[in-house]
Amino acid sequence: MTKQLIEAYASQAESLHGILAGMDDVRTSAMSSFLEQGFPGTKNEEWRYSDMRAFHKKHFELVSGKSGIAIPEPLGDYCARFVFINGRYDEESSDIGQVWKDISIRPLANHFMANESRVDELIKGSDSVSLLNTALMRDGLVLSIPSNVGIGRPIEILHVMDGSDNAAAHVRHVIELGEGSSVSIIERFVGDDSAYWTNSVLQARITENAKLRHIRVQEEGANALHTAKAYVNLGGGSEYICTNVALGGAMSRFDANVRILMDGAQATVNGVALAATGQSHDMHTHVSHLSGNAVSEQVFRTIADSRGTTSFQGKVTVAEDAQRTLANQSFKALIFDKTAQANAKPELEILADDVKCSHGATVGQLDDKAIFYLTSRGIDPETARQMLVSAFVAEALEKVDFDDVKTSLMGRIASWMLERNADKGTGG
Amino acid sequence: MAATAETRQQVEDMSGEYKYGFVTDVEMDMAPKGLSEEVVRFISAKKNEPEWLLEWRLKAYKSWLKMDEPDWAKVNYPKIDYNDMYFFAAPKSMDKPKSLDEVDPELLRTYEKLGSPLREQAVLAGVEGAPRVAVDAVFDSVSVATTFREELKKSGVIFMSFSEAVHEHPELIKKYLGSVVPQRDNYFAALNCAVFSDGTFVYIPKGVRCPMELSTYFRINAENTGQFERTLIIADEGAYVSYLEGCTAPMRDENQLHAAVVELIMLDDAEIKYSTVQNWYPGDKEGKGGIYNFVTKRALCKGKNSKVSWTQVETGSAVTWKYPSCILSGDNSVGEFYSVAVTNNYQQADTGTKMIHMGKNTRSRIISKGISAGKSQNTYRGLVKVLPGADNVRNYTQCDSLLVSSESGAHTVPYIEVKNPTAQIEHEATTSKISEDQLFYCRARGFGEEEAVAMIVNGFCRDVMQHLPMEFAVEAQKLLGISLEGSVG
C-alpha cells in the first residue's frame with residue numbers, strides 16, 4: 001500500500017475512537033494488523049480470483065448523511081425491516097412492525113453501551129478486509145433470539161448506499177440464537193451508480209438445536225465494490241442455511257466461514273452468481289467440521305457472459321475427531337461468451353477416516369440437445385434458453401423457503417437473461 | 001490379490017519394509033560439497049560439455065539464486081541446506097563403458113539385486129518370452145549402462161544418456177532443451193538446470209513406432225548427495241514410444257534430494273506413453289530419512305493430433321512434490337494422467353497434474369487415486385485451464401481418496417479455469433474410508449484383514465493400473481501391497 005493510503009486508513013480508525021464503548025483497543029490492534037498485511041494481491045492464494053486493484057489505488061472513506069434515495073420495495077413479506085443508509089441505521093425508513101417481546105434487537109452502538117464486555121465476543125478476523133471492518137465498524141444490528149422462540153417471517157436487513165465515489169460502509173451484524181430458537185434474515189444490498197465500497201461482516205452464534213436461515217441478495221450499483229463475510233458457529237444439532245445471490249456491483253466477494261463445533265449440526269451454503277459486462281463475482285466457502293455426525297451441503301450455480309467472471313473457492317475441512325461426517329459440494333458454471341470466464345477451486349482437507357465427502361464441478365454452456373428438444377416442440381429459442389437457465393439456477397435456490405422471496409429472485413434472474421439477449425440482439 | 005502370499009513372503013524376506021535399502025560399495029568421484037558457481041563449472045567440466053551448455057547452466061544458477069523455495073504445497077520438511085550436500089557423484093571405476101561387459105560388476109550386481117530393471121539379462125541369455133525392454137541405468141549422477149542400443153539404432157531410434165547426446169546430437173539438444181520447462185520455471189527446475197548430472201535422451205524419428213519399451217532406472221547410492229537428472233524425449237511426426245521409469249535408494253537416516261526434470265515433446269500425430277513406478281526410500285516408521293522427490297515433469301503436445309499419457313504409481317519418497325503436466329497446444333491433441341499415490345507412516349505426497357488447453361478440440365482425462373495410511377498426508381493438486389482460443393475442449397477429472405487410518409489425511413485441491421464457452425469440463429472427487437460392508441464381505445469369505453484391504457485397494461486403483469504396461473503393472477500391484485503392510489488394524 002502507498003504511504004498515503006496507510007496514513008488515510010490509520011487516521012480514520014483514530015477518528016472513530018470513543019464512538020463505540022470499549023472498542024478503542026480493538027480498533028487499534030485490528031488496524032495495525034491490517035496495515036501490516038495491506039490489501040491482498042492476486043498472488044495471495046485466497047484472493048487469486050478477486051480483482052482487488054481498486055483497493056490498492058484509492059482510499060475509501062466513511063461517509064455520513066443521506067441524500068434521500070428511494071428505498072426499494074421489500075423482497076417479500078417480512079416481520080421487520082431494518083434499513084442502513086451509508087452504513088448507519090436509519091430509523092425513519094425502518095419498519096419494526098410489531099412489538100418485540102423478549103427479543104433484543106438494537107443497533108450496535110446501544111449494544112456496547114449496555115455491556116462493554118460484549119466487545120470480547122466480536123470476531124476480529126484475520127484477512128485484511130475483515131480486519132478493516134473491525135477497525136472501522138460504526139453500526140450494525142444486534143439480534144438475540146431467546147431460547148425456544150421461533151420467528152416465522154424473515155427479518156429484512158437492507159443496506160442502501162447513496163454516497164459518492166470512494167464512500168465506504170463497514171457494517172457489522174451480530175446474531176445470537178438461543179437454544180431451540182429459529183429465525184430467518186434477508187440481507188440485501190442496493191445502491192446508486194457511484195463507485196462505493198460495501199464491506200459487511202455478519203457473525204452468528206447458533207446454539208443447540210437452533211436454526212438460522214440466511215438469505216443474501218447482492219444488488220449493488222453497477223460500479224460498486226462489495227466484500228462480505230459471514231462467520232457462523234454451530235452448536236449441537238443446530239442448523240444454518242445460507243443462500244447467497246450475487247447480481248450487482250462491479251466486483252463482489254462473499255466468504256462464508258462456517259464452523260461445526262458440536263455433533264449433529266447441519267450446514268447448507270448455496271449460491272447463485274450472474275456476471276456480465278466486466279463484473280466479477282467471487283464466492284468462498286470454508287466449512288470446518290470440528291465435530292462429528294454432522295452434514296454439510298453446498299450447491300453453487302453461476303453464469304458468466306460478456307467479460308463477466310464467476311469464481312468459486314469452496315473448502316471443506318474435516319478435523320481428526322469429526323468422524324461420521326457427510327460433506328457434499330456441487331459447483332456448476334455456464335459460460336455464454338468467449339470473453340467470459342469461470343474459475344473453480346473446490347477443496348477437500350480431510351483428517352478423519354470415517355467420512356463420506358465428495359465434490360463435483362462442471363463448466364460448460366447450455367446443452368444444444370436440450371435447446372433443440374424444446375424448440376422442436378414449438379418453443380422459441382429465447383424462451384428455451386430462459387427455461388434451461390431457470391432450471392439450472394433453481395437448484396441453488398431450493399433452500400429459500402419463502403415462496404414470495406424465491407419468486408422475486410427468479411424474476412431477477414429472468415430479467416437478467418432478457419437483458420443479456422437484448423444486449424446481443426439475438427434470440428438465442 | 002493373487003500375489004498376496006508372495007507379497008508376504010517378500011516382506012518377510014526383506015526382514016524390514018524397504019527391500020531396496022542396501023548400499024553398493026563402489027568408489028565415488030564427488031564434486032566439492034555445497035553449491036556455487038565453481039560446482040556448476042566443475043560438473044560441466046567433468047562432463048566435458050560445450051561452452052553453450054555451461055552458459056545455460058550458469059544462467060539457470062543465477063536465476064535460482066534469486067528464487068524462493070515454494071511453500072504452497074501441503075508438505076512440511078526442514079529447510080534444505082544446499083551447502084551440506086554433494087551435487088555430483090559418479091562411480092569412479094567407470095569412464096564411459098562401451099557395453100555392459102565393461103560396466104563395474106559391482107554395479108551390475110546392484111541392478112541384479114534390484115530385480116526387475118535389468119531384466120534384459122534374461123533376454124540376453126535367450127530366455128523365451130521374456131519382455132524386451134531397453135534400459136538406461138542411472139547410478140547416482142551418471143548413466144552407467146544403456147542396453148539394446150544397436151538394435152534401436154537400426155530403426156533410427158536414439159536412446160542414450162544425456163551426456164552422450166550432448167556430444168552426439170547437439171543440434172537436437174540445443175533445439176529442445178528447456179523448451180518445455182524453461183530454466184526459470186520453478187525453484188527446483190532451476191536448480192536442476194544448473195547442476196543436472198545426467199539423464200536419458202530419446203528421439204523417435206518420423207513415423208517410427210519404437211520396437212520395444214524404453215526404460216530408465218534411477219538409483220541413488222552415495223550419501224549426502226542429491227540426484228538431478230533430466231529426461232528429454234522427442235517424438236517426431238507420427239512416432240510412438242512407451243517409456244518406463246523406476247527408482248530406488250538405500251535406507252539412510254538423512255534425507256536426500258531428488259530434483260529431476262522431464263520434458264516430452266510431441267510433433268504431429270506423435271504419441272508418448274510415460275509410466276513411472278516411484279519407489280524411492282520413504283523413510284522409516286518414525287519418519288526418519290527418505291527421499292525428497294521434487295520433480296518437474298511436463299509434456300508439450302506441439303503437433304496436431306498428438307497424444308501424451310502419464311501414468312504414475314507413487315509409493316516411495318518421504319516427501320513428493322510432483323505435477324506431471326500437459327500443454328495441449330496442437331489442435332485435437334490429447335492429454336491423459338493416471339495416478340495412484342500411496343502414503344504410509346509419515347510420508348507426505350502433494351501430487352497431481354496440469355492440463356493447459358490451448359488448441360482446438362483438445363481433450364484431457366485425469367484419474368487420480370490417493371490412499372493414505374499411517375500418519376501420512378496425501379494431497380491431489382491439479383489445474384485444468386482452457387484458454388479463449390481453445391474451442392470444443394473436453395475434460396473429465398476424477399479424484400478419489402481412500403483413508404485407511406484415522407490419523408492420516410487426504411486432501412483434494414483442484415483448480416478449474418475456463419475462458420471458452422464451448423468447453424465441457426467435469427470434475428468429480430470423493431473421499432471415504434474402506435467400506436465396512438466390503439471388508440465384512442471379504443472376511444466372511446475367509447480372507448484375512450490385510451488381504452481383504454489389499455484386495456479392495458487394488459480394486460480401487462484398477463482404473464489406473466490397467467494403463468500400466470503389463471510387467472510394470474504386476475510389480476506395481478505388489479508394491480501397493482508392500483506399502484500398505486502393517487497399516488491395518
# chains A, B, ... in the order shown; residues from 1 in each chain; ligands from 1

call {"tool": "interface_residues", "arguments": {"of": "chain A", "to": "chain B", "cutoff": "6 Å", "atoms": "only C-alpha atoms", "output": "MDAnalysis selection string"}}
result
chainID A and resid 335:338 340:345 347:365

call {"tool": "write_last_selection", "arguments": {"atoms": "C-alpha atoms", "output": "compact mmCIF listing (two decimals), in the first residue's frame"}}
result
# COMPACT_ATOMS: atom_id res chain seq x y z
CA ILE A 335 -20.21 -19.62 -19.85
CA PHE A 336 -22.02 -17.81 -22.64
CA ASP A 337 -19.21 -15.92 -24.29
CA LYS A 338 -15.53 -16.15 -25.19
CA ALA A 340 -16.33 -14.62 -20.04
CA GLN A 341 -14.58 -16.80 -17.55
CA ALA A 342 -15.39 -19.33 -14.83
CA ASN A 343 -12.97 -20.42 -12.13
CA ALA A 344 -13.42 -23.09 -9.52
CA LYS A 345 -11.34 -24.49 -6.75
CA GLU A 347 -11.03 -28.17 -1.96
CA LEU A 348 -11.25 -31.06 0.49
CA GLU A 349 -8.98 -31.36 3.50
CA ILE A 350 -9.75 -34.47 5.45
CA LEU A 351 -8.08 -35.75 8.60
CA ALA A 352 -10.72 -38.16 9.89
CA ASP A 353 -11.21 -41.55 8.27
CA ASP A 354 -14.87 -42.40 8.81
CA VAL A 355 -16.24 -39.84 6.41
CA LYS A 356 -18.03 -39.51 3.13
CA CYS A 357 -17.05 -36.40 1.28
CA SER A 358 -17.47 -35.53 -2.34
CA HIS A 359 -17.39 -32.63 -4.66
CA GLY A 360 -18.33 -32.23 -8.27
CA ALA A 361 -17.67 -29.34 -10.62
CA THR A 362 -18.64 -28.76 -14.19
CA VAL A 363 -18.14 -25.90 -16.61
CA GLY A 364 -19.83 -25.66 -19.97
CA GLN A 365 -22.56 -24.00 -21.99

call {"tool": "residues_around", "arguments": {"residues": "region 181-198 of chain B", "least_positions_apart": "5", "cutoff": "7 Å", "atoms": "only C-alpha atoms", "output": "ChimeraX atom specification"}}
result
/B:40,43,57-58,60-61,63-64,67-70,87-88,141-143,161-163,228-230,259-261,263,294,296,298

call {"tool": "residues_around", "arguments": {"residues": "region 187-198 of chain A", "least_positions_apart": "5", "cutoff": "6 Å", "atoms": "only C-alpha atoms", "output": "PDB file with N, CA and C atoms, in the first residue's frame"}}
result
ATOM      1  N   ILE A 157     -32.800  -7.032   6.349  1.00  0.00           N
ATOM      2  CA  ILE A 157     -31.797  -6.011   6.687  1.00  0.00           C
ATOM      3  C   ILE A 157     -31.355  -5.407   5.371  1.00  0.00           C
ATOM      4  N   LEU A 158     -31.764  -4.180   5.119  1.00  0.00           N
ATOM      5  CA  LEU A 158     -31.497  -3.550   3.836  1.00  0.00           C
ATOM      6  C   LEU A 158     -30.349  -2.552   3.963  1.00  0.00           C
ATOM      7  N   HIS A 159     -29.369  -2.690   3.095  1.00  0.00           N
ATOM      8  CA  HIS A 159     -28.242  -1.751   3.088  1.00  0.00           C
ATOM      9  C   HIS A 159     -28.344  -0.900   1.841  1.00  0.00           C
ATOM     10  N   VAL A 160     -28.396   0.394   2.038  1.00  0.00           N
ATOM     11  CA  VAL A 160     -28.521   1.306   0.897  1.00  0.00           C
ATOM     12  C   VAL A 160     -27.304   2.212   0.866  1.00  0.00           C
ATOM     13  N   MET A 161     -26.704   2.357  -0.302  1.00  0.00           N
ATOM     14  CA  MET A 161     -25.580   3.282  -0.430  1.00  0.00           C
ATOM     15  C   MET A 161     -25.975   4.360  -1.426  1.00  0.00           C
ATOM     16  N   ASP A 162     -25.918   5.613  -1.017  1.00  0.00           N
ATOM     17  CA  ASP A 162     -26.131   6.680  -1.980  1.00  0.00           C
ATOM     18  C   ASP A 162     -25.024   7.691  -1.796  1.00  0.00           C
ATOM     19  N   SER A 164     -20.942   8.928  -2.365  1.00  0.00           N
ATOM     20  CA  SER A 164     -20.237   9.394  -3.541  1.00  0.00           C
ATOM     21  C   SER A 164     -19.225   8.319  -3.905  1.00  0.00           C
ATOM     22  N   ASP A 165     -18.421   8.549  -4.954  1.00  0.00           N
ATOM     23  CA  ASP A 165     -17.298   7.664  -5.236  1.00  0.00           C
ATOM     24  C   ASP A 165     -16.414   7.683  -3.998  1.00  0.00           C
ATOM     25  N   ASN A 166     -15.746   6.583  -3.749  1.00  0.00           N
ATOM     26  CA  ASN A 166     -14.848   6.450  -2.588  1.00  0.00           C
ATOM     27  C   ASN A 166     -15.559   6.299  -1.250  1.00  0.00           C
ATOM     28  N   ALA A 167     -16.884   6.296  -1.255  1.00  0.00           N
ATOM     29  CA  ALA A 167     -17.579   6.137   0.018  1.00  0.00           C
ATOM     30  C   ALA A 167     -17.470   4.687   0.463  1.00  0.00           C
ATOM     31  N   ALA A 168     -17.360   4.468   1.766  1.00  0.00           N
ATOM     32  CA  ALA A 168     -17.272   3.105   2.278  1.00  0.00           C
ATOM     33  C   ALA A 168     -18.227   2.912   3.436  1.00  0.00           C
ATOM     34  N   ALA A 169     -18.757   1.707   3.552  1.00  0.00           N
ATOM     35  CA  ALA A 169     -19.562   1.367   4.720  1.00  0.00           C
ATOM     36  C   ALA A 169     -19.016   0.061   5.297  1.00  0.00           C
ATOM     37  N   ARG A 216     -28.917 -13.888   1.285  1.00  0.00           N
ATOM     38  CA  ARG A 216     -28.182 -12.661   0.935  1.00  0.00           C
ATOM     39  C   ARG A 216     -28.498 -12.296  -0.504  1.00  0.00           C
ATOM     40  N   VAL A 217     -28.916 -11.084  -0.714  1.00  0.00           N
ATOM     41  CA  VAL A 217     -29.206 -10.656  -2.079  1.00  0.00           C
ATOM     42  C   VAL A 217     -28.352  -9.427  -2.364  1.00  0.00           C
ATOM     43  N   GLN A 218     -27.372  -9.600  -3.219  1.00  0.00           N
ATOM     44  CA  GLN A 218     -26.436  -8.529  -3.517  1.00  0.00           C
ATOM     45  C   GLN A 218     -26.842  -7.886  -4.839  1.00  0.00           C
ATOM     46  N   GLU A 219     -27.445  -6.694  -4.748  1.00  0.00           N
ATOM     47  CA  GLU A 219     -27.872  -5.984  -5.964  1.00  0.00           C
ATOM     48  C   GLU A 219     -27.260  -4.597  -5.967  1.00  0.00           C
ATOM     49  N   GLU A 220     -25.989  -4.523  -5.667  1.00  0.00           N
ATOM     50  CA  GLU A 220     -25.303  -3.230  -5.566  1.00  0.00           C
ATOM     51  C   GLU A 220     -25.352  -2.499  -6.913  1.00  0.00           C
ATOM     52  N   GLY A 221     -25.044  -1.201  -6.870  1.00  0.00           N
ATOM     53  CA  GLY A 221     -24.966  -0.390  -8.085  1.00  0.00           C
ATOM     54  C   GLY A 221     -23.869  -0.892  -9.015  1.00  0.00           C
ATOM     55  N   ALA A 222     -23.970  -0.481 -10.269  1.00  0.00           N
ATOM     56  CA  ALA A 222     -23.114  -1.068 -11.306  1.00  0.00           C
ATOM     57  C   ALA A 222     -21.614  -0.879 -11.079  1.00  0.00           C
ATOM     58  N   ASN A 223     -21.234   0.172 -10.366  1.00  0.00           N
ATOM     59  CA  ASN A 223     -19.798   0.424 -10.193  1.00  0.00           C
ATOM     60  C   ASN A 223     -19.299   0.089  -8.789  1.00  0.00           C
ATOM     61  N   ALA A 224     -20.156  -0.533  -8.009  1.00  0.00           N
ATOM     62  CA  ALA A 224     -19.827  -0.750  -6.604  1.00  0.00           C
ATOM     63  C   ALA A 224     -18.856  -1.913  -6.408  1.00  0.00           C
ATOM     64  N   LEU A 225     -18.144  -1.857  -5.296  1.00  0.00           N
ATOM     65  CA  LEU A 225     -17.331  -2.986  -4.842  1.00  0.00           C
ATOM     66  C   LEU A 225     -18.010  -3.534  -3.599  1.00  0.00           C
ATOM     67  N   HIS A 226     -18.059  -4.835  -3.511  1.00  0.00           N
ATOM     68  CA  HIS A 226     -18.775  -5.445  -2.397  1.00  0.00           C
ATOM     69  C   HIS A 226     -17.931  -6.571  -1.819  1.00  0.00           C
TER      70      HIS A 226
END

call {"tool": "select_by_dssp", "arguments": {"residues": "region 128-353 of chain A", "states": "strand (DSSP E)", "output": "PyMOL selection string"}}
result
chain A and resi 141-145+155-161+167-177+182-191+197-206+211-219+225-234+239-246+251-260+266-275+280-289+295-304+309-318+325-335+341-350

call {"tool": "select_by_dssp", "arguments": {"residues": "region 168-345 of chain B", "states": "alpha helix (DSSP H)", "output": "PyMOL selection string"}}
result
chain B and resi 168+170-176+187-195

call {"tool": "write_last_selection", "arguments": {"atoms": "C-alpha atoms", "output": "mmCIF file, in the first residue's frame"}}
result
data_model
loop_
_atom_site.group_PDB
_atom_site.id
_atom_site.type_symbol
_atom_site.label_atom_id
_atom_site.label_comp_id
_atom_site.auth_asym_id
_atom_site.auth_seq_id
_atom_site.Cartn_x
_atom_site.Cartn_y
_atom_site.Cartn_z
ATOM 1 C CA GLU B 168 26.481 -36.773 -30.474
ATOM 2 C CA PRO B 170 23.952 -31.259 -30.052
ATOM 3 C CA GLU B 171 21.523 -29.867 -32.639
ATOM 4 C CA LEU B 172 18.573 -31.728 -31.107
ATOM 5 C CA ILE B 173 19.579 -30.908 -27.558
ATOM 6 C CA LYS B 174 20.079 -27.248 -28.387
ATOM 7 C CA LYS B 175 16.707 -27.081 -30.053
ATOM 8 C CA TYR B 176 14.643 -28.801 -27.384
ATOM 9 C CA TYR B 187 12.835 -23.295 -7.910
ATOM 10 C CA PHE B 188 13.651 -26.979 -8.236
ATOM 11 C CA ALA B 189 13.666 -26.931 -12.033
ATOM 12 C CA ALA B 190 16.133 -24.032 -11.977
ATOM 13 C CA LEU B 191 18.306 -25.973 -9.539
ATOM 14 C CA ASN B 192 18.188 -28.971 -11.833
ATOM 15 C CA CYS B 193 19.136 -26.876 -14.861
ATOM 16 C CA ALA B 194 22.205 -25.629 -13.042
ATOM 17 C CA VAL B 195 23.519 -28.912 -11.677
#

call {"tool": "closest_residue", "arguments": {"among": "B:Asp463, B:Asp284, B:Asp71, B:Glu55", "to": "Gln347 (chain B)", "atoms": "only C-alpha atoms"}}
result
B:Asp284
